[in-house]
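Undergrad: Input file: query-v3.cif. Contents: mmCIF, C-alpha atoms.
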data_coords
loop_
_atom_site.label_atom_id
_atom_site.label_comp_id
_atom_site.auth_asym_id
_atom_site.auth_seq_id
_atom_site.Cartn_x
_atom_site.Cartn_y
_atom_site.Cartn_z
CA MET Z 998 118.31 139.38 70.61
CA ARG Z 999 115.83 136.64 69.67
CA HIS Z 1000 118.64 134.32 68.54
CA LEU Z 1001 120.63 135.02 71.68
CA LYS Z 1002 117.60 134.27 73.85
CA GLU Z 1003 116.98 130.99 72.00
CA PHE Z 1004 120.64 130.04 72.40
CA LEU Z 1005 120.56 130.69 76.15
CA VAL Z 1006 117.28 128.79 76.59
CA ASP Z 1007 118.74 125.83 74.69
CA LEU Z 1008 121.83 126.03 76.88
CA ALA Z 1009 119.83 126.18 80.12
CA ARG Z 1010 117.12 123.60 79.32
CA PRO Z 1011 119.28 120.46 79.79
CA LYS Z 1012 120.62 121.85 83.09
CA ARG Z 1013 117.10 122.50 84.34
CA GLU Z 1014 116.00 118.98 83.40
CA ASN Z 1015 119.10 117.32 84.86
CA PRO Z 1016 121.04 119.85 86.97
CA GLY Z 1017 123.39 117.43 88.70
CA GLU Z 1018 123.53 117.90 92.46
CA ARG Z 1019 127.30 118.36 92.61
CA GLU Z 1020 127.27 121.18 90.07
CA LEU Z 1021 124.24 122.80 91.69
CA VAL Z 1022 125.85 122.74 95.15
CA ALA Z 1023 129.16 124.04 93.76
CA THR Z 1024 127.40 126.91 91.99
CA ALA Z 1025 125.36 127.81 95.07
CA PHE Z 1026 128.52 127.71 97.20
CA LEU Z 1027 130.37 129.95 94.75
CA LEU Z 1028 127.55 132.51 94.68
CA LEU Z 1029 127.31 132.59 98.46
CA PHE Z 1030 131.05 132.64 99.08
CA ALA Z 1031 132.13 135.01 96.33
CA GLY Z 1032 129.03 137.13 96.00
CA TYR Z 1033 128.06 137.66 99.60
CA GLU Z 1034 130.63 136.68 102.22
CA THR Z 1035 133.50 138.57 100.66
CA THR Z 1036 131.55 141.80 100.15
CA VAL Z 1037 130.05 141.73 103.64
CA ASN Z 1038 133.52 141.30 105.10
CA LEU Z 1039 135.04 143.97 102.85
CA ILE Z 1040 132.50 146.45 104.23
CA GLY Z 1041 132.90 145.30 107.86
CA ASN Z 1042 136.70 145.24 107.75
CA GLY Z 1043 136.73 148.61 106.02
CA VAL Z 1044 134.48 150.29 108.57
CA TYR Z 1045 136.54 148.81 111.40
CA ALA Z 1046 139.78 150.07 109.82
CA LEU Z 1047 138.31 153.55 109.37
CA LEU Z 1048 137.04 153.71 112.95
CA ARG Z 1049 140.46 152.66 114.25
CA ASN Z 1050 142.02 155.46 112.17
CA PRO Z 1051 139.88 158.52 112.98
CA GLY Z 1052 142.02 160.92 110.93
CA GLN Z 1053 141.42 158.81 107.83
CA PHE Z 1054 137.72 158.50 108.71
CA ASP Z 1055 137.38 162.29 109.09
CA ALA Z 1056 139.21 162.98 105.81
CA LEU Z 1057 136.95 160.58 103.94
CA ARG Z 1058 133.80 161.95 105.53
CA ALA Z 1059 134.89 165.47 104.52
CA ASP Z 1060 135.27 164.44 100.86
CA LEU Z 1061 133.01 161.60 99.77
CA THR Z 1062 134.37 161.80 96.22
CA ARG Z 1063 137.35 159.89 97.65
CA VAL Z 1064 135.23 156.81 98.51
CA PRO Z 1065 136.15 154.79 95.36
CA ALA Z 1066 139.89 155.26 96.03
CA ALA Z 1067 139.32 154.57 99.73
CA VAL Z 1068 137.69 151.23 98.88
CA GLU Z 1069 140.85 150.24 96.98
CA GLU Z 1070 143.04 151.10 99.97
CA LEU Z 1071 140.67 149.26 102.32
CA LEU Z 1072 140.88 146.21 100.05
CA ARG Z 1073 144.66 146.39 100.22
CA TYR Z 1074 144.86 147.15 103.92
CA ASP Z 1075 142.47 144.49 105.26
CA GLY Z 1076 140.62 142.74 102.48
CA PRO Z 1077 138.09 139.97 103.00
CA VAL Z 1078 140.20 137.13 101.59
CA GLY Z 1079 143.04 135.85 103.77
CA PHE Z 1080 144.30 133.10 101.49
CA ALA Z 1081 143.44 132.40 97.87
CA THR Z 1082 141.80 129.15 96.86
CA LEU Z 1083 143.96 126.17 95.91
CA ARG Z 1084 146.94 126.91 93.70
CA TYR Z 1085 149.68 124.68 92.31
CA ALA Z 1086 153.03 125.77 90.91
CA GLY Z 1087 152.99 125.58 87.12
CA GLU Z 1088 156.75 125.16 86.99
CA PRO Z 1089 159.67 124.88 89.40
CA LEU Z 1090 160.56 128.19 91.04
CA GLU Z 1091 162.24 129.73 94.03
CA LEU Z 1092 160.31 132.18 96.15
CA GLY Z 1093 161.71 133.85 99.23
CA GLY Z 1094 164.61 131.43 99.25
CA VAL Z 1095 162.31 128.39 99.18
CA ALA Z 1096 162.40 125.91 96.29
CA ILE Z 1097 158.95 124.99 95.01
CA ALA Z 1098 158.59 122.04 92.64
CA ALA Z 1099 156.24 121.98 89.67
CA ASP Z 1100 152.71 120.87 90.62
CA GLU Z 1101 153.40 121.50 94.32
CA PHE Z 1102 150.55 122.99 96.37
CA VAL Z 1103 151.08 126.68 97.18
CA HIS Z 1104 149.18 128.85 99.66
CA VAL Z 1105 148.82 132.42 98.39
CA ALA Z 1106 148.56 134.73 101.41
CA VAL Z 1107 146.62 137.60 99.88
CA GLY Z 1108 146.76 139.74 103.03
CA ALA Z 1109 150.52 139.34 103.31
CA ALA Z 1110 151.04 140.20 99.64
CA ASN Z 1111 148.94 143.34 100.05
CA ARG Z 1112 151.10 144.39 102.99
CA ASP Z 1113 154.41 143.68 101.23
CA PRO Z 1114 156.79 146.53 102.18
CA ALA Z 1115 158.68 145.99 98.94
CA ARG Z 1116 155.51 146.95 97.06
CA PHE Z 1117 153.82 149.49 99.36
CA ASP Z 1118 155.52 152.15 101.50
CA ALA Z 1119 154.45 151.92 105.17
CA ALA Z 1120 152.39 148.89 104.13
CA ASP Z 1121 151.00 148.29 107.63
CA ARG Z 1122 149.49 151.78 107.77
CA LEU Z 1123 146.04 152.70 106.42
CA ASP Z 1124 146.56 155.64 104.06
CA LEU Z 1125 143.57 156.66 101.99
CA ALA Z 1126 145.78 159.09 100.04
CA ARG Z 1127 148.06 156.32 98.74
CA ASP Z 1128 147.76 154.73 95.32
CA PRO Z 1129 147.07 151.08 96.15
CA ALA Z 1130 147.22 149.99 92.50
CA GLY Z 1131 148.58 146.50 92.23
CA HIS Z 1132 146.85 145.05 95.29
CA ILE Z 1133 145.65 141.50 94.78
CA ALA Z 1134 142.50 141.54 96.93
CA PHE Z 1135 140.57 140.35 93.86
CA GLY Z 1136 143.26 137.98 92.64
CA HIS Z 1137 145.27 138.44 89.48
CA GLY Z 1138 145.29 137.32 85.86
CA ILE Z 1139 143.03 134.36 85.10
CA HIS Z 1140 142.20 134.19 88.81
CA HIS Z 1141 140.87 137.77 88.94
CA CYS Z 1142 137.41 137.90 90.52
CA VAL Z 1143 134.68 138.40 87.91
CA GLY Z 1144 132.52 140.03 90.59
CA ALA Z 1145 135.12 142.68 91.47
CA PRO Z 1146 133.24 145.61 89.86
CA LEU Z 1147 130.04 144.72 91.72
CA ALA Z 1148 131.87 144.27 95.05
CA ARG Z 1149 133.58 147.64 94.60
CA LEU Z 1150 130.27 149.32 93.81
CA GLU Z 1151 128.51 147.71 96.79
CA ALA Z 1152 131.30 148.81 99.14
CA GLN Z 1153 131.27 152.34 97.72
CA VAL Z 1154 127.51 152.66 98.15
CA ALA Z 1155 127.60 151.20 101.67
CA LEU Z 1156 130.44 153.47 102.86
CA THR Z 1157 128.93 156.57 101.29
CA ARG Z 1158 125.53 155.92 102.87
CA LEU Z 1159 127.10 155.08 106.23
CA LEU Z 1160 129.22 158.24 106.29
CA ARG Z 1161 126.23 160.39 105.34
CA ARG Z 1162 123.85 158.77 107.82
CA PHE Z 1163 126.29 158.43 110.74
CA PRO Z 1164 129.02 161.04 110.29
CA ARG Z 1165 130.16 160.75 113.92
CA LEU Z 1166 130.23 156.97 114.13
CA SER Z 1167 132.66 155.46 116.65
CA LEU Z 1168 133.58 152.08 118.08
CA ALA Z 1169 131.45 150.97 121.02
CA ALA Z 1170 133.94 148.28 122.09
CA ASP Z 1171 137.72 148.11 121.88
CA ASP Z 1172 138.07 144.43 121.11
CA VAL Z 1173 136.41 142.51 118.30
CA ALA Z 1174 136.12 138.85 117.41
CA TRP Z 1175 137.30 137.57 114.04
CA ARG Z 1176 135.87 134.63 112.13
CA GLU Z 1177 137.81 131.41 112.36
CA GLY Z 1178 139.38 130.05 109.21
CA ILE Z 1179 142.04 131.07 106.72
CA ARG Z 1180 140.11 131.81 103.53
CA ILE Z 1181 137.71 134.53 104.67
CA ARG Z 1182 138.84 137.37 106.92
CA GLY Z 1183 136.02 139.16 108.66
CA LEU Z 1184 134.51 140.17 111.95
CA THR Z 1185 131.79 138.20 113.70
CA SER Z 1186 130.31 141.52 114.86
CA LEU Z 1187 131.21 145.20 115.01
CA LEU Z 1188 129.69 147.26 117.84
CA VAL Z 1189 129.44 150.96 117.03
CA ARG Z 1190 127.85 154.15 118.41
CA PRO Z 1191 126.14 156.66 116.12
CA ASN Z 1192 127.12 159.66 118.34
CA GLU Z 1193 124.51 161.89 116.73
#
Please go through the file and, once you have read it, give me the structure as structure tokens.
TA:
Amino acid sequence: MRHLKEFLVDLARPKRENPGERELVATAFLLLFAGYETTVNLIGNGVYALLRNPGQFDALRADLTRVPAAVEELLRYDGPVGFATLRYAGEPLELGGVAIAADEFVHVAVGAANRDPARFDAADRLDLARDPAGHIAFGHGIHHCVGAPLARLEAQVALTRLLRRFPRLSLAADDVAWREGIRIRGLTSLLVRPNE
């Protein structure tokens, strides 16, 4: 442990003495974007989806052991990332009848992939009983989110606490406003009633 600590101190010391503004800003942006915005929107989108599907909400409230699986379905159904960050084709390919050259910019529509009817039956329907394995809400392969376990845990804790504290929660307004932009998908606010 002592050697590991010394190694990490030696690694961090030059960065502390000369952090480099560009790297510092990029790191801060990554922490805010990946560690906060996505999880907040996962929870908000998930609660909104549950409140719009009262049968699913009631089933989950009746059996809180299903919360971890429900979080996976909520990630698939309406995850917090609309489009992945920049990607370029590694080689020429054809996708959906469209030729894509090597090194060409590609937009990965995460939400569309997670609603692909070829992958998920009744893909546009929230179904907490389905097995949503294979969703790409956290990316895939080398692009898989390193914070995925923490985001899952935070969403599970938030939903469990919410369902216990407000078991009769309902929407207070029919229409909601969504954030502008293509990368992050989330609500600007969600008005609810506790109905206790």
Undergrad: Using all atoms listed in the file, determine which residues lie at most 6 Å from range 1064-1075 of chain Z, disregarding the query and same-chain residues fewer than 4 positions distant; provide the list as a VMD selection string.
TA: chain Z and resid 1043 1111 1125 1129 1132 1134 1153
Undergrad: Which one is closest to Arg1158 in chain Z: Z:Val1022, Z:Leu1061, Z:Ala1099, Z:Leu1029? Count all atoms listed in the file.
TA: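 Using all atoms listed in the file, the shortest distance to Arg1158 in chain Z belongs to Z:Leu1061.
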Undergrad: Find the spatial neighbours of range 1165-1180 of chain Z, counting only C-alpha atoms, within a cut-off of 7 Å - ignore same-chain residues fewer than 2 positions away - and output them as a PDB file with C-alpha atoms, keeping the file's coordinate frame.
TA:
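The resulting file, part-v2.pdb, is shown below:
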ATOM      1  CA  LEU Z1048     137.040 153.710 112.950  1.00  0.00           C
ATOM      2  CA  VAL Z1078     140.200 137.130 101.590  1.00  0.00           C
ATOM      3  CA  GLY Z1079     143.040 135.850 103.770  1.00  0.00           C
ATOM      4  CA  PHE Z1080     144.300 133.100 101.490  1.00  0.00           C
ATOM      5  CA  ALA Z1081     143.440 132.400  97.870  1.00  0.00           C
ATOM      6  CA  PHE Z1163     126.290 158.430 110.740  1.00  0.00           C
ATOM      7  CA  ARG Z1182     138.840 137.370 106.920  1.00  0.00           C
ATOM      8  CA  GLY Z1183     136.020 139.160 108.660  1.00  0.00           C
ATOM      9  CA  LEU Z1184     134.510 140.170 111.950  1.00  0.00           C
ATOM     10  CA  THR Z1185     131.790 138.200 113.700  1.00  0.00           C
ATOM     11  CA  SER Z1186     130.310 141.520 114.860  1.00  0.00           C
ATOM     12  CA  LEU Z1187     131.210 145.200 115.010  1.00  0.00           C
ATOM     13  CA  LEU Z1188     129.690 147.260 117.840  1.00  0.00           C
ATOM     14  CA  VAL Z1189     129.440 150.960 117.030  1.00  0.00           C
ATOM     15  CA  ARG Z1190     127.850 154.150 118.410  1.00  0.00           C
ATOM     16  CA  PRO Z1191     126.140 156.660 116.120  1.00  0.00           C
ATOM     17  CA  ASN Z1192     127.120 159.660 118.340  1.00  0.00           C
ATOM     18  CA  GLU Z1193     124.510 161.890 116.730  1.00  0.00           C
TER      19      GLU Z1193
END
Undergrad: Carefully work through the PyMOL selection byres ((chain Z and resi 1033) around 12) for this structure and note down the residues it includes, as a list in words.
TA: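 That selection, the PyMOL selection byres ((chain Z and resi 1033) around 12), comes back as Ala1025, Phe1026, Leu1027, Leu1028, Leu1029, Phe1030, Ala1031, Gly1032, Glu1034, Thr1035, Thr1036, Val1037, Asn1038, Leu1039, Ile1040, Pro1077, Gly1144, Ala1145, Leu1147, Ala1148, Glu1151, Ala1152 and Ile1181 of chain Z.
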Undergrad: Calculate how many Å separate CA of Asp1060 in chain Z from CA of Val1044 in chain Z, rounding to one decimal.
TA: 16.1 Å
Undergrad: Grab the CA of Cys1142 in chain Z to CA of Lys1002 in chain Z distance for me, in Å with one decimal place.
TA: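 Going from CA of Cys1142 in chain Z over to CA of Lys1002 in chain Z, I get 26.1 Å.
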Undergrad: Go through Z:Gly1087, Z:Gly1131, Z:Pro1164, Z:Gly1136 one by one, measure the shortest atom-to-atom distance of each to Ala1106 in chain Z using only C-alpha atoms, and give the residue with the smallest value.
TA: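 Closest residue, counting only C-alpha atoms: Z:Gly1136.
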Undergrad: Work out how far CA of Asn1042 in chain Z is from CA of Leu1150 in chain Z, in Å to one decimal.
TA: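 Computing it gives 15.9 Å between the two atoms.
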Undergrad: Would you please work out which residue, of Z:Arg1010, Z:Arg1162, Z:Arg1063, Z:Arg1084, is nearest to Ala1126 in chain Z when using all atoms listed in the file?
TA: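 Using all atoms listed in the file, the shortest distance to Ala1126 in chain Z belongs to Z:Arg1063.
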Undergrad: Excluding Leu1083 in chain Z and its own-chain neighbours fewer than 3 positions away, which residues fall within 8 Å of it when counting all atoms listed in the file? Please give them as a PyMOL selection string.
TA: chain Z and resi 1102-1104
